[in-house]
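Next up, work.cif (mmCIF, C-alpha atoms (C1' of nucleotides)):
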```
data_query
loop_
_atom_site.label_atom_id
_atom_site.label_comp_id
_atom_site.auth_asym_id
_atom_site.auth_seq_id
_atom_site.Cartn_x
_atom_site.Cartn_y
_atom_site.Cartn_z
CA MET A 1 97.48 -92.84 72.05
CA THR A 2 99.83 -91.17 69.62
CA ASP A 3 102.63 -91.27 72.21
CA LEU A 4 102.01 -94.89 73.00
CA ASN A 5 101.80 -95.66 69.33
CA SER A 6 105.11 -94.00 68.56
CA LEU A 7 106.75 -95.94 71.38
CA LEU A 8 105.45 -99.25 70.14
CA SER A 9 105.62 -98.86 66.36
CA PRO A 10 108.56 -98.29 64.09
CA PHE A 11 108.47 -94.88 62.40
CA PHE A 12 106.97 -96.08 59.15
CA LEU A 13 104.04 -97.70 60.96
CA ASN A 14 103.07 -94.61 63.01
CA ASP A 15 99.49 -93.43 62.65
CA LYS A 16 100.83 -90.17 61.24
CA GLU A 17 102.75 -92.01 58.54
CA ILE A 18 99.81 -94.33 57.82
CA ARG A 19 97.59 -91.28 57.34
CA LYS A 20 99.98 -90.14 54.64
CA VAL A 21 99.25 -93.40 52.84
CA ILE A 22 95.52 -92.62 53.02
CA GLU A 23 96.22 -89.26 51.40
CA LEU A 24 98.60 -90.70 48.81
CA LEU A 25 95.91 -93.15 47.75
CA PHE A 26 93.35 -90.35 47.48
CA PHE A 27 95.54 -87.96 45.50
CA SER A 28 97.14 -90.57 43.27
CA TYR A 29 93.87 -92.29 42.40
CA ARG A 30 92.23 -88.98 41.57
CA ASP A 31 95.06 -87.99 39.26
CA PHE A 32 95.17 -91.47 37.78
CA THR A 33 91.58 -91.19 36.54
CA SER A 34 91.66 -87.53 35.50
CA GLY A 35 93.42 -88.14 32.16
CA PRO A 36 90.83 -90.52 30.68
CA ASP A 37 88.03 -88.43 32.22
CA LYS A 38 88.90 -85.51 29.93
CA ILE A 39 88.66 -87.62 26.75
CA LEU A 40 85.46 -89.28 27.94
CA ALA A 41 83.86 -85.90 28.66
CA LYS A 42 84.21 -84.94 24.98
CA LEU A 43 82.12 -88.00 24.06
CA ASN A 44 79.59 -87.22 26.82
CA PHE A 45 80.80 -90.32 28.61
CA GLY A 46 81.92 -90.76 32.20
CA ARG A 47 84.07 -93.05 34.27
CA ALA A 48 81.35 -95.71 34.23
CA HIS A 49 81.72 -95.97 30.46
CA HIS A 50 85.48 -96.32 30.85
CA ARG A 51 85.16 -99.19 33.29
CA ILE A 52 82.81 -101.08 30.98
CA ILE A 53 85.05 -100.52 27.98
CA TYR A 54 88.10 -101.56 29.98
CA PHE A 55 86.70 -104.84 31.25
CA VAL A 56 84.97 -105.78 28.00
CA GLY A 57 88.32 -105.16 26.31
CA LYS A 58 90.04 -107.30 28.90
CA LYS A 59 87.60 -110.20 28.73
CA ASN A 60 86.28 -110.55 25.24
CA ASN A 61 82.80 -112.10 25.07
CA ILE A 62 82.16 -111.43 28.74
CA THR A 63 78.54 -111.94 29.80
CA ILE A 64 76.39 -109.31 31.49
CA LYS A 65 76.44 -111.35 34.67
CA ASP A 66 80.23 -111.58 34.81
CA LEU A 67 80.60 -107.90 33.99
CA LEU A 68 78.26 -107.10 36.88
CA LEU A 69 80.38 -109.28 39.18
CA VAL A 70 83.49 -107.31 38.26
CA LEU A 71 81.89 -103.87 38.44
CA GLN A 72 79.77 -104.61 41.49
CA ILE A 73 76.90 -102.39 40.45
CA THR A 74 73.23 -103.21 39.82
CA LYS A 75 72.04 -104.25 36.39
CA GLN A 76 69.83 -101.17 36.29
CA SER A 77 72.94 -99.01 36.69
CA LEU A 78 74.83 -100.96 34.07
CA SER A 79 71.91 -100.88 31.67
CA ARG A 80 71.85 -97.17 30.91
CA VAL A 81 75.59 -96.87 30.37
CA LEU A 82 76.00 -100.10 28.44
CA ASN A 83 73.09 -99.26 26.12
CA GLN A 84 74.75 -95.98 25.26
CA LEU A 85 77.94 -97.82 24.34
CA VAL A 86 76.00 -100.33 22.23
CA ASN A 87 73.89 -97.65 20.53
CA GLU A 88 76.98 -95.66 19.67
CA LYS A 89 78.67 -98.82 18.38
CA PHE A 90 81.59 -99.05 20.80
CA ILE A 91 80.35 -102.43 21.99
CA ILE A 92 78.65 -105.24 20.09
CA VAL A 93 76.34 -107.82 21.63
CA SER A 94 75.85 -111.42 20.54
CA THR A 95 74.04 -114.42 21.98
CA GLY A 96 75.92 -117.11 23.90
CA ILE A 97 75.67 -120.89 23.53
CA ASP A 98 73.44 -120.71 26.58
CA LYS A 99 70.83 -118.64 24.80
CA ARG A 100 69.88 -116.79 27.96
CA THR A 101 73.29 -115.13 28.03
CA LYS A 102 74.73 -112.31 25.99
CA LYS A 103 78.32 -111.83 25.01
CA LEU A 104 79.86 -108.37 24.91
CA SER A 105 82.85 -107.38 22.84
CA LEU A 106 84.48 -104.20 21.58
CA THR A 107 83.97 -103.04 18.00
CA GLU A 108 86.93 -101.54 16.12
CA LYS A 109 85.64 -98.15 17.26
CA GLY A 110 85.50 -99.48 20.81
CA LYS A 111 89.01 -100.90 20.63
CA LYS A 112 90.30 -97.57 19.40
CA LEU A 113 88.76 -95.73 22.35
CA GLU A 114 89.88 -98.41 24.80
CA ASN A 115 93.40 -98.06 23.52
CA GLN A 116 93.31 -94.29 23.71
CA LEU A 117 92.15 -94.35 27.32
CA SER A 118 94.39 -97.17 28.49
CA THR A 119 97.45 -95.71 26.83
CA ILE A 120 97.21 -92.64 29.04
CA GLN A 121 97.17 -94.77 32.17
CA ILE A 122 99.71 -97.30 30.96
CA ASP A 123 102.15 -94.57 29.96
CA LYS A 124 101.71 -92.84 33.30
CA ILE A 125 102.44 -96.04 35.21
CA LYS A 126 105.43 -96.83 33.00
CA ARG A 127 106.86 -93.35 33.43
CA VAL A 128 106.62 -93.62 37.21
CA ILE A 129 107.59 -97.24 37.63
CA ASN A 130 110.67 -96.99 35.42
CA LYS A 131 112.65 -95.36 38.19
CA TYR A 132 112.11 -98.25 40.58
CA SER A 133 113.70 -101.64 41.11
CA GLU A 134 111.89 -104.84 40.21
CA GLU A 135 111.80 -105.52 43.94
CA ASN A 136 110.02 -102.22 44.62
CA ILE A 137 107.59 -102.69 41.75
CA ASN A 138 106.69 -106.17 42.89
CA GLY A 139 106.26 -104.88 46.43
CA PHE A 140 103.98 -102.14 45.17
CA LYS A 141 101.79 -104.63 43.31
CA GLU A 142 101.70 -107.07 46.22
CA ILE A 143 100.67 -104.40 48.71
CA LEU A 144 97.86 -103.22 46.43
CA TYR A 145 96.77 -106.83 45.94
CA ASP A 146 96.70 -107.41 49.70
CA MET A 147 94.43 -104.41 50.12
CA ILE A 148 91.73 -106.12 48.03
CA GLU A 149 89.00 -108.04 49.88
CA THR A 150 89.09 -111.84 49.55
CA ASP A 151 86.13 -112.16 47.16
CA ASN A 152 87.47 -109.46 44.89
CA LYS A 153 90.93 -111.04 44.90
CA LYS A 154 89.22 -114.00 43.23
CA THR A 155 87.67 -111.69 40.66
CA PHE A 156 91.08 -110.18 39.97
CA GLN A 157 92.52 -113.66 39.46
CA GLN A 158 89.64 -114.66 37.20
CA ILE A 159 90.04 -111.77 34.81
CA ASN A 160 93.76 -112.57 34.70
CA ASP A 161 93.50 -116.35 34.32
CA MET B 162 102.93 -104.03 19.33
CA THR B 163 102.58 -106.51 22.15
CA ASP B 164 105.33 -108.66 20.69
CA LEU B 165 107.63 -105.72 20.18
CA ASN B 166 106.84 -104.54 23.64
CA SER B 167 107.68 -107.85 25.24
CA LEU B 168 110.97 -107.94 23.36
CA LEU B 169 111.99 -104.51 24.53
CA SER B 170 110.62 -104.43 28.07
CA PRO B 171 111.50 -106.54 31.07
CA PHE B 172 108.59 -108.73 32.18
CA PHE B 173 107.35 -106.39 34.90
CA LEU B 174 107.08 -103.49 32.43
CA ASN B 175 105.04 -105.37 29.83
CA ASP B 176 101.73 -103.78 28.87
CA LYS B 177 99.99 -106.86 30.20
CA GLU B 178 101.67 -106.47 33.57
CA ILE B 179 101.01 -102.73 33.60
CA ARG B 180 97.33 -103.42 32.98
CA LYS B 181 97.31 -105.49 36.13
CA VAL B 182 98.45 -102.39 37.99
CA ILE B 183 95.45 -100.50 36.56
CA GLU B 184 93.16 -103.22 37.88
CA LEU B 185 94.93 -103.43 41.24
CA LEU B 186 94.42 -99.70 41.70
CA PHE B 187 90.75 -100.00 40.78
CA PHE B 188 89.98 -102.97 43.04
CA SER B 189 92.11 -101.85 45.98
CA TYR B 190 90.79 -98.30 45.99
CA ARG B 191 87.20 -99.51 45.83
CA ASP B 192 87.71 -101.84 48.78
CA PHE B 193 89.66 -99.19 50.63
CA THR B 194 86.68 -96.83 50.65
CA SER B 195 83.94 -99.42 51.18
CA GLY B 196 84.49 -99.75 54.96
CA PRO B 197 83.87 -96.09 55.85
CA ASP B 198 81.08 -95.94 53.24
CA LYS B 199 78.98 -98.37 55.30
CA ILE B 200 79.22 -96.27 58.48
CA LEU B 201 78.56 -93.06 56.56
CA ALA B 202 75.45 -94.55 54.94
CA LYS B 203 73.87 -95.03 58.39
CA LEU B 204 74.22 -91.28 58.99
CA ASN B 205 72.87 -90.52 55.51
CA PHE B 206 76.32 -89.28 54.59
CA GLY B 207 78.51 -90.17 51.61
CA ARG B 208 82.15 -90.18 50.65
CA ALA B 209 82.09 -86.42 50.15
CA HIS B 210 81.31 -85.99 53.85
CA HIS B 211 84.20 -88.28 54.72
CA ARG B 212 86.68 -86.28 52.68
CA ILE B 213 85.62 -83.04 54.35
CA ILE B 214 85.82 -84.55 57.82
CA TYR B 215 89.20 -86.08 57.03
CA PHE B 216 90.86 -82.90 55.81
CA VAL B 217 89.27 -80.65 58.43
CA GLY B 218 90.58 -83.11 61.00
CA LYS B 219 94.00 -83.03 59.39
CA LYS B 220 94.23 -79.26 59.11
CA ASN B 221 92.46 -77.65 62.04
CA ASN B 222 91.08 -74.19 61.28
CA ILE B 223 91.38 -74.70 57.55
CA THR B 224 89.60 -72.05 55.46
CA ILE B 225 86.94 -72.78 52.87
CA LYS B 226 89.34 -71.72 50.14
CA ASP B 227 92.09 -74.07 51.25
CA LEU B 228 89.64 -76.91 51.69
CA LEU B 229 88.46 -76.33 48.11
CA LEU B 230 92.07 -76.42 46.90
CA VAL B 231 92.55 -79.83 48.52
CA LEU B 232 89.25 -81.32 47.42
CA GLN B 233 89.28 -79.77 43.95
CA ILE B 234 85.52 -79.36 43.75
CA THR B 235 83.43 -76.22 43.26
CA LYS B 236 82.23 -74.24 46.25
CA GLN B 237 78.65 -75.00 45.23
CA SER B 238 79.42 -78.70 45.59
CA LEU B 239 81.16 -78.20 48.90
CA SER B 240 78.39 -75.98 50.21
CA ARG B 241 75.63 -78.56 50.42
CA VAL B 242 77.74 -81.24 52.11
CA LEU B 243 79.56 -78.89 54.46
CA ASN B 244 76.30 -77.28 55.59
CA GLN B 245 74.96 -80.68 56.52
CA LEU B 246 78.04 -81.35 58.63
CA VAL B 247 77.76 -77.95 60.30
CA ASN B 248 74.01 -78.29 60.91
CA GLU B 249 74.49 -81.71 62.45
CA LYS B 250 77.33 -80.34 64.58
CA PHE B 251 80.22 -82.43 63.26
CA ILE B 252 82.02 -79.27 62.19
CA ILE B 253 82.13 -75.84 63.79
CA VAL B 254 82.79 -72.61 61.93
CA SER B 255 84.51 -69.49 63.24
CA THR B 256 85.71 -66.26 61.68
CA GLY B 257 89.36 -65.78 60.80
CA ILE B 258 91.60 -62.79 61.56
CA ASP B 259 90.94 -61.82 57.97
CA LYS B 260 87.23 -61.42 58.59
CA ARG B 261 86.37 -62.53 55.05
CA THR B 262 87.61 -66.01 55.85
CA LYS B 263 86.04 -68.79 57.87
CA LYS B 264 87.86 -71.40 59.87
CA LEU B 265 86.56 -74.95 60.04
CA SER B 266 87.26 -77.40 62.81
CA LEU B 267 85.85 -80.67 64.10
CA THR B 268 83.61 -80.72 67.17
CA GLU B 269 84.01 -83.56 69.68
CA LYS B 270 81.23 -85.33 67.78
CA GLY B 271 83.15 -84.71 64.56
CA LYS B 272 86.41 -85.99 66.02
CA LYS B 273 84.67 -89.12 67.17
CA LEU B 274 83.34 -89.83 63.69
CA GLU B 275 86.66 -88.92 62.08
CA ASN B 276 88.40 -91.38 64.35
CA GLN B 277 85.87 -94.11 63.67
CA LEU B 278 86.26 -93.72 59.90
CA SER B 279 90.03 -93.32 59.85
CA THR B 280 90.59 -96.22 62.21
CA ILE B 281 89.07 -98.58 59.66
CA GLN B 282 91.45 -97.40 56.97
CA ILE B 283 94.49 -97.09 59.23
CA ASP B 284 93.98 -100.60 60.59
CA LYS B 285 93.56 -101.98 57.09
CA ILE B 286 96.80 -100.38 55.92
CA LYS B 287 98.64 -101.53 59.04
CA ARG B 288 97.40 -105.08 58.66
CA VAL B 289 98.62 -105.21 55.06
CA ILE B 290 101.83 -103.26 55.42
CA ASN B 291 103.04 -105.21 58.46
CA LYS B 292 104.15 -108.10 56.27
CA TYR B 293 106.48 -105.92 54.20
CA SER B 294 109.96 -104.55 54.67
CA GLU B 295 110.61 -100.89 55.34
CA GLU B 296 112.20 -100.80 51.88
CA ASN B 297 109.00 -102.11 50.25
CA ILE B 298 106.77 -99.78 52.23
CA ASN B 299 108.85 -96.76 51.32
CA GLY B 300 108.85 -97.88 47.70
CA PHE B 301 105.06 -98.20 47.81
CA LYS B 302 104.67 -94.68 49.19
CA GLU B 303 107.14 -93.21 46.73
CA ILE B 304 105.47 -94.79 43.72
CA LEU B 305 102.06 -93.48 44.84
CA TYR B 306 103.60 -90.05 45.40
CA ASP B 307 105.12 -90.04 41.93
CA MET B 308 101.71 -90.77 40.45
CA ILE B 309 100.39 -87.46 41.77
CA GLU B 310 100.44 -84.47 39.42
CA THR B 311 102.93 -81.69 40.22
CA ASP B 312 100.40 -79.19 41.58
CA ASN B 313 98.78 -81.76 43.80
CA LYS B 314 102.16 -82.92 45.08
CA LYS B 315 102.47 -79.40 46.48
CA THR B 316 99.07 -79.71 48.13
CA PHE B 317 100.13 -83.01 49.66
CA GLN B 318 103.28 -81.37 51.04
CA GLN B 319 101.30 -78.43 52.38
CA ILE B 320 98.87 -80.51 54.39
CA ASN B 321 101.86 -82.39 55.77
CA ASP B 322 104.11 -79.43 56.53
"C1'" DC C 323 57.54 -133.07 32.24
"C1'" DT C 324 56.54 -129.70 35.31
"C1'" DA C 325 58.68 -126.54 38.66
"C1'" DT C 326 62.35 -123.80 39.78
"C1'" DT C 327 66.24 -121.19 38.89
"C1'" DT C 328 69.00 -118.24 36.10
"C1'" DA C 329 70.14 -114.47 32.71
"C1'" DG C 330 68.68 -110.54 31.19
"C1'" DG C 331 65.57 -106.55 30.67
"C1'" DT C 332 62.50 -102.72 32.06
"C1'" DC C 333 59.69 -99.13 34.45
"C1'" DA C 334 59.54 -95.88 38.06
"C1'" DG C 335 61.18 -93.21 41.64
"C1'" DT C 336 65.00 -91.48 44.40
"C1'" DC C 337 69.55 -89.91 46.04
"C1'" DA C 338 74.45 -88.21 46.07
"C1'" DT C 339 77.85 -85.83 43.91
"C1'" DA C 340 79.28 -83.06 40.84
"C1'" DT C 341 79.04 -79.34 37.17
"C1'" DT C 342 78.27 -74.32 34.86
"C1'" DG C 343 76.75 -69.71 35.11
"C1'" DA C 344 75.19 -65.63 37.19
"C1'" DC C 345 75.00 -62.78 40.90
"C1'" DT C 346 75.63 -60.82 45.85
"C1'" DT C 347 77.93 -59.20 50.14
"C1'" DA C 348 81.61 -57.92 52.96
"C1'" DA C 349 86.36 -57.25 53.81
"C1'" DT C 350 90.96 -56.50 52.34
"C1'" DT C 351 94.51 -54.58 49.54
"C1'" DA C 352 96.54 -51.83 45.75
"C1'" DT D 353 88.47 -44.98 46.01
"C1'" DA D 354 88.81 -49.09 42.92
"C1'" DA D 355 89.88 -53.68 42.43
"C1'" DT D 356 90.38 -58.05 44.27
"C1'" DT D 357 89.35 -61.80 47.31
"C1'" DA D 358 86.53 -65.00 50.34
"C1'" DA D 359 82.39 -66.73 50.86
"C1'" DG D 360 77.58 -67.56 49.81
"C1'" DT D 361 73.43 -68.40 46.98
"C1'" DC D 362 70.01 -69.50 43.21
"C1'" DA D 363 69.02 -72.28 39.32
"C1'" DA D 364 69.53 -75.73 36.02
"C1'" DT D 365 71.79 -79.95 34.59
"C1'" DA D 366 74.49 -84.44 34.29
"C1'" DT D 367 76.21 -88.73 35.99
"C1'" DG D 368 76.20 -92.64 38.53
"C1'" DA D 369 74.31 -95.05 41.67
"C1'" DC D 370 70.31 -97.15 44.39
"C1'" DT D 371 65.61 -99.89 45.67
"C1'" DG D 372 61.58 -102.29 44.35
"C1'" DA D 373 58.54 -104.45 41.37
"C1'" DC D 374 57.77 -106.96 37.55
"C1'" DC D 375 58.54 -109.62 32.97
"C1'" DT D 376 60.39 -113.01 29.48
"C1'" DA D 377 62.85 -116.82 27.86
"C1'" DA D 378 65.90 -120.51 28.50
"C1'" DA D 379 68.12 -123.99 31.21
"C1'" DT D 380 68.14 -127.27 34.79
"C1'" DA D 381 66.51 -130.11 38.78
"C1'" DG D 382 63.24 -133.16 40.81
#
```

Once you've parsed the file, please lay out its structure as structure tokens.
Amino acid sequence: MTDLNSLLSPFFLNDKEIRKVIELLFFSYRDFTSGPDKILAKLNFGRAHHRIIYFVGKKNNITIKDLLLVLQITKQSLSRVLNQLVNEKFIIVSTGIDKRTKKLSLTEKGKKLENQLSTIQIDKIKRVINKYSEENINGFKEILYDMIETDNKKTFQQIND
Amino acid sequence: MTDLNSLLSPFFLNDKEIRKVIELLFFSYRDFTSGPDKILAKLNFGRAHHRIIYFVGKKNNITIKDLLLVLQITKQSLSRVLNQLVNEKFIIVSTGIDKRTKKLSLTEKGKKLENQLSTIQIDKIKRVINKYSEENINGFKEILYDMIETDNKKTFQQIND
DNA sequence: CTATTTAGGTCAGTCATATTGACTTAATTA
DNA sequence: TAATTAAGTCAATATGACTGACCTAAATAG
């Protein structure tokens, strides 16, 4: 199988090389989230809090329903974490025109934390990406985008409309 | 800040564009792990089991200590999951030359599962990567590598020596 | 205008993954 | 012989997720 594969595939498409990509994704993603994790831990928050803060920051006045679509967790899971963020005044809730809906947005305190967390990740990406050509950077983004499932590609487009 | 940033940075290094990279990493990594997750769930296993199986498969006869260095979890965390895999005969344990150490390796049953899980991820990467140039693929791998922290870069090199 | 659907919330129980801290045993090395 | 190392274990705790059942209020469809 490996022999056949190496006869048929160019070097960079060998199973052995593809496995390196699996590992690169694992190691890089872990290190990508470790920075914010440390700050969150001091506030007794976790990665779930970060994700909520990130996407509420991204889409001001997002509804619970839409937030759940992005996060792909159950409302019971969201509930506990979101309530903590509301109680501690990082997020403020208001009622939508459709009175069944709620709109979430960051308070000043929330924006400050969002900025603190995002800055770590933004700076890291900038530092790395700086060394590469526009061609390489675009390739990087396109490959990541292609790895997203169809339905979630739509979600990605929606939050970036 | 945003205005200043867009004056100083080329388009692809704008904060707004960098934020897309954050989201691409989040969405792509989630979808990358969801395939194996479904198979693991049927066996009452989780992602932690997958990681152990993957790295034991990668480094035959790896010791507990080295496995902990790769996974970066506590031995108490490893213990529960690894014992399940040993009890259900996916992994076999033997004693090292240094009799304090243990060597872990996959059984035939373990190899079969490893292959099943990895194939999903390998095929996904191949399917995506096929459309890109060798230049783009190498750029993709290099950017991911650069996102790994120094110490973990060493770990990555070690498991690929 | 009633019936249905939708948005959101809540209670209860469970599971997986991880942590810290304290302690033990056996083997190796200084 | 003393110190270090590899591995294991007990206990308590936190976080993030799940399923299932049920409720309320508002909007919409027939």

Could you expand the PyMOL selection byres ((chain D) within 10 of (chain B)) into the explicit residues it covers here, written as a PyMOL selection string? chain D and resi 357-361

Can you provide chain B as a tab-separated table (two decimals) with C-alpha atoms, in the frame of the given file, superposed onto chain A by least squares across all C-alpha atoms matched in order?
```tsv
chain	number	residue	atom	x	y	z
B	162	MET	CA	97.44	-92.87	72.04
B	163	THR	CA	99.75	-91.17	69.59
B	164	ASP	CA	102.58	-91.25	72.10
B	165	LEU	CA	102.00	-94.88	72.94
B	166	ASN	CA	101.77	-95.65	69.28
B	167	SER	CA	105.06	-93.98	68.46
B	168	LEU	CA	106.74	-95.88	71.28
B	169	LEU	CA	105.50	-99.22	70.07
B	170	SER	CA	105.64	-98.81	66.30
B	171	PRO	CA	108.60	-98.23	64.02
B	172	PHE	CA	108.45	-94.82	62.34
B	173	PHE	CA	106.91	-96.05	59.09
B	174	LEU	CA	104.01	-97.68	60.96
B	175	ASN	CA	103.07	-94.61	63.00
B	176	ASP	CA	99.48	-93.45	62.65
B	177	LYS	CA	100.78	-90.19	61.25
B	178	GLU	CA	102.72	-92.02	58.56
B	179	ILE	CA	99.79	-94.33	57.85
B	180	ARG	CA	97.57	-91.28	57.36
B	181	LYS	CA	99.94	-90.15	54.65
B	182	VAL	CA	99.22	-93.42	52.87
B	183	ILE	CA	95.49	-92.62	53.03
B	184	GLU	CA	96.18	-89.26	51.41
B	185	LEU	CA	98.57	-90.71	48.83
B	186	LEU	CA	95.88	-93.16	47.77
B	187	PHE	CA	93.32	-90.37	47.51
B	188	PHE	CA	95.50	-87.96	45.52
B	189	SER	CA	97.12	-90.58	43.28
B	190	TYR	CA	93.86	-92.30	42.41
B	191	ARG	CA	92.20	-88.99	41.58
B	192	ASP	CA	95.03	-88.00	39.26
B	193	PHE	CA	95.16	-91.47	37.80
B	194	THR	CA	91.58	-91.22	36.54
B	195	SER	CA	91.64	-87.55	35.51
B	196	GLY	CA	93.42	-88.15	32.17
B	197	PRO	CA	90.84	-90.53	30.67
B	198	ASP	CA	88.04	-88.45	32.23
B	199	LYS	CA	88.90	-85.52	29.93
B	200	ILE	CA	88.66	-87.62	26.75
B	201	LEU	CA	85.46	-89.29	27.94
B	202	ALA	CA	83.85	-85.92	28.67
B	203	LYS	CA	84.20	-84.94	24.99
B	204	LEU	CA	82.12	-88.00	24.06
B	205	ASN	CA	79.60	-87.22	26.81
B	206	PHE	CA	80.81	-90.32	28.61
B	207	GLY	CA	81.93	-90.76	32.22
B	208	ARG	CA	84.09	-93.06	34.27
B	209	ALA	CA	81.38	-95.72	34.24
B	210	HIS	CA	81.73	-95.97	30.46
B	211	HIS	CA	85.49	-96.34	30.85
B	212	ARG	CA	85.18	-99.20	33.30
B	213	ILE	CA	82.82	-101.08	30.98
B	214	ILE	CA	85.07	-100.54	27.97
B	215	TYR	CA	88.11	-101.58	29.98
B	216	PHE	CA	86.72	-104.87	31.24
B	217	VAL	CA	84.98	-105.79	27.99
B	218	GLY	CA	88.31	-105.18	26.30
B	219	LYS	CA	90.05	-107.32	28.88
B	220	LYS	CA	87.60	-110.21	28.74
B	221	ASN	CA	86.26	-110.57	25.22
B	222	ASN	CA	82.78	-112.09	25.07
B	223	ILE	CA	82.14	-111.45	28.73
B	224	THR	CA	78.51	-111.94	29.80
B	225	ILE	CA	76.39	-109.30	31.49
B	226	LYS	CA	76.43	-111.34	34.68
B	227	ASP	CA	80.21	-111.59	34.80
B	228	LEU	CA	80.59	-107.93	33.97
B	229	LEU	CA	78.28	-107.11	36.89
B	230	LEU	CA	80.39	-109.31	39.18
B	231	VAL	CA	83.50	-107.33	38.24
B	232	LEU	CA	81.93	-103.90	38.42
B	233	GLN	CA	79.82	-104.62	41.50
B	234	ILE	CA	76.95	-102.38	40.45
B	235	THR	CA	73.29	-103.22	39.85
B	236	LYS	CA	72.10	-104.25	36.41
B	237	GLN	CA	69.87	-101.17	36.34
B	238	SER	CA	72.98	-99.02	36.71
B	239	LEU	CA	74.86	-100.96	34.08
B	240	SER	CA	71.93	-100.90	31.70
B	241	ARG	CA	71.86	-97.19	30.95
B	242	VAL	CA	75.61	-96.85	30.37
B	243	LEU	CA	76.01	-100.09	28.44
B	244	ASN	CA	73.09	-99.23	26.14
B	245	GLN	CA	74.75	-95.96	25.27
B	246	LEU	CA	77.94	-97.79	24.35
B	247	VAL	CA	76.01	-100.31	22.26
B	248	ASN	CA	73.91	-97.63	20.54
B	249	GLU	CA	77.00	-95.63	19.68
B	250	LYS	CA	78.67	-98.80	18.40
B	251	PHE	CA	81.60	-99.04	20.82
B	252	ILE	CA	80.36	-102.42	21.99
B	253	ILE	CA	78.65	-105.21	20.09
B	254	VAL	CA	76.35	-107.79	21.64
B	255	SER	CA	75.83	-111.39	20.55
B	256	THR	CA	73.99	-114.36	21.99
B	257	GLY	CA	75.85	-117.04	23.91
B	258	ILE	CA	75.60	-120.83	23.52
B	259	ASP	CA	73.37	-120.65	26.57
B	260	LYS	CA	70.80	-118.54	24.76
B	261	ARG	CA	69.85	-116.71	27.96
B	262	THR	CA	73.26	-115.08	28.04
B	263	LYS	CA	74.70	-112.25	26.00
B	264	LYS	CA	78.30	-111.80	25.02
B	265	LEU	CA	79.85	-108.35	24.90
B	266	SER	CA	82.83	-107.37	22.83
B	267	LEU	CA	84.48	-104.20	21.58
B	268	THR	CA	83.97	-103.05	18.00
B	269	GLU	CA	86.93	-101.55	16.12
B	270	LYS	CA	85.64	-98.15	17.26
B	271	GLY	CA	85.50	-99.49	20.81
B	272	LYS	CA	89.02	-100.91	20.63
B	273	LYS	CA	90.30	-97.60	19.40
B	274	LEU	CA	88.78	-95.75	22.34
B	275	GLU	CA	89.90	-98.44	24.78
B	276	ASN	CA	93.43	-98.08	23.51
B	277	GLN	CA	93.34	-94.30	23.70
B	278	LEU	CA	92.15	-94.38	27.32
B	279	SER	CA	94.40	-97.18	28.50
B	280	THR	CA	97.46	-95.73	26.83
B	281	ILE	CA	97.21	-92.66	29.05
B	282	GLN	CA	97.17	-94.78	32.18
B	283	ILE	CA	99.73	-97.32	30.97
B	284	ASP	CA	102.16	-94.58	29.98
B	285	LYS	CA	101.69	-92.85	33.31
B	286	ILE	CA	102.44	-96.04	35.23
B	287	LYS	CA	105.43	-96.82	33.02
B	288	ARG	CA	106.85	-93.34	33.44
B	289	VAL	CA	106.62	-93.61	37.23
B	290	ILE	CA	107.59	-97.23	37.65
B	291	ASN	CA	110.67	-96.99	35.42
B	292	LYS	CA	112.66	-95.34	38.20
B	293	TYR	CA	112.11	-98.23	40.61
B	294	SER	CA	113.69	-101.62	41.09
B	295	GLU	CA	111.89	-104.82	40.20
B	296	GLU	CA	111.81	-105.52	43.95
B	297	ASN	CA	110.02	-102.21	44.63
B	298	ILE	CA	107.58	-102.68	41.77
B	299	ASN	CA	106.68	-106.17	42.90
B	300	GLY	CA	106.28	-104.89	46.45
B	301	PHE	CA	103.98	-102.14	45.19
B	302	LYS	CA	101.80	-104.63	43.32
B	303	GLU	CA	101.70	-107.05	46.23
B	304	ILE	CA	100.68	-104.40	48.73
B	305	LEU	CA	97.87	-103.22	46.44
B	306	TYR	CA	96.79	-106.84	45.96
B	307	ASP	CA	96.71	-107.42	49.70
B	308	MET	CA	94.43	-104.42	50.11
B	309	ILE	CA	91.75	-106.13	48.03
B	310	GLU	CA	89.04	-108.06	49.88
B	311	THR	CA	89.11	-111.87	49.56
B	312	ASP	CA	86.17	-112.18	47.17
B	313	ASN	CA	87.50	-109.49	44.89
B	314	LYS	CA	90.95	-111.06	44.90
B	315	LYS	CA	89.25	-114.02	43.24
B	316	THR	CA	87.69	-111.73	40.65
B	317	PHE	CA	91.09	-110.21	39.97
B	318	GLN	CA	92.56	-113.69	39.46
B	319	GLN	CA	89.68	-114.69	37.20
B	320	ILE	CA	90.07	-111.80	34.80
B	321	ASN	CA	93.78	-112.59	34.69
B	322	ASP	CA	93.55	-116.36	34.31
```

Enumerate, as a PyMOL selection string, the residues matched when the PyMOL selection byres ((chain A) within 7 of (chain B)) is run on the file above. chain A and resi 13+18-19+21+24-25+27-28+31+122+126+128-129+136+139-141+143-149

Counting all atoms listed in the file, give me one row per residue of chain C with an atom at most 9 Å from an atom of chain B, showing the shortest contact pair and its distance in Å to one decimal, sorted by chain then residue number, as a Markdown table.
```
| residue | atom | partner | partner_atom | distance |
| --- | --- | --- | --- | --- |
| C:DA338 | C1' | B:Gly207 | CA | 7.1 |
| C:DT339 | C1' | B:Ser238 | CA | 7.5 |
| C:DA340 | C1' | B:Ser238 | CA | 6.4 |
| C:DT341 | C1' | B:Thr235 | CA | 8.1 |
| C:DA348 | C1' | B:Arg261 | CA | 6.9 |
| C:DA349 | C1' | B:Arg261 | CA | 5.4 |
| C:DT350 | C1' | B:Asp259 | CA | 7.7 |
```

Atom pair CA of Ile253 in chain B + CA of His211 in chain B, distance 15.5 Å
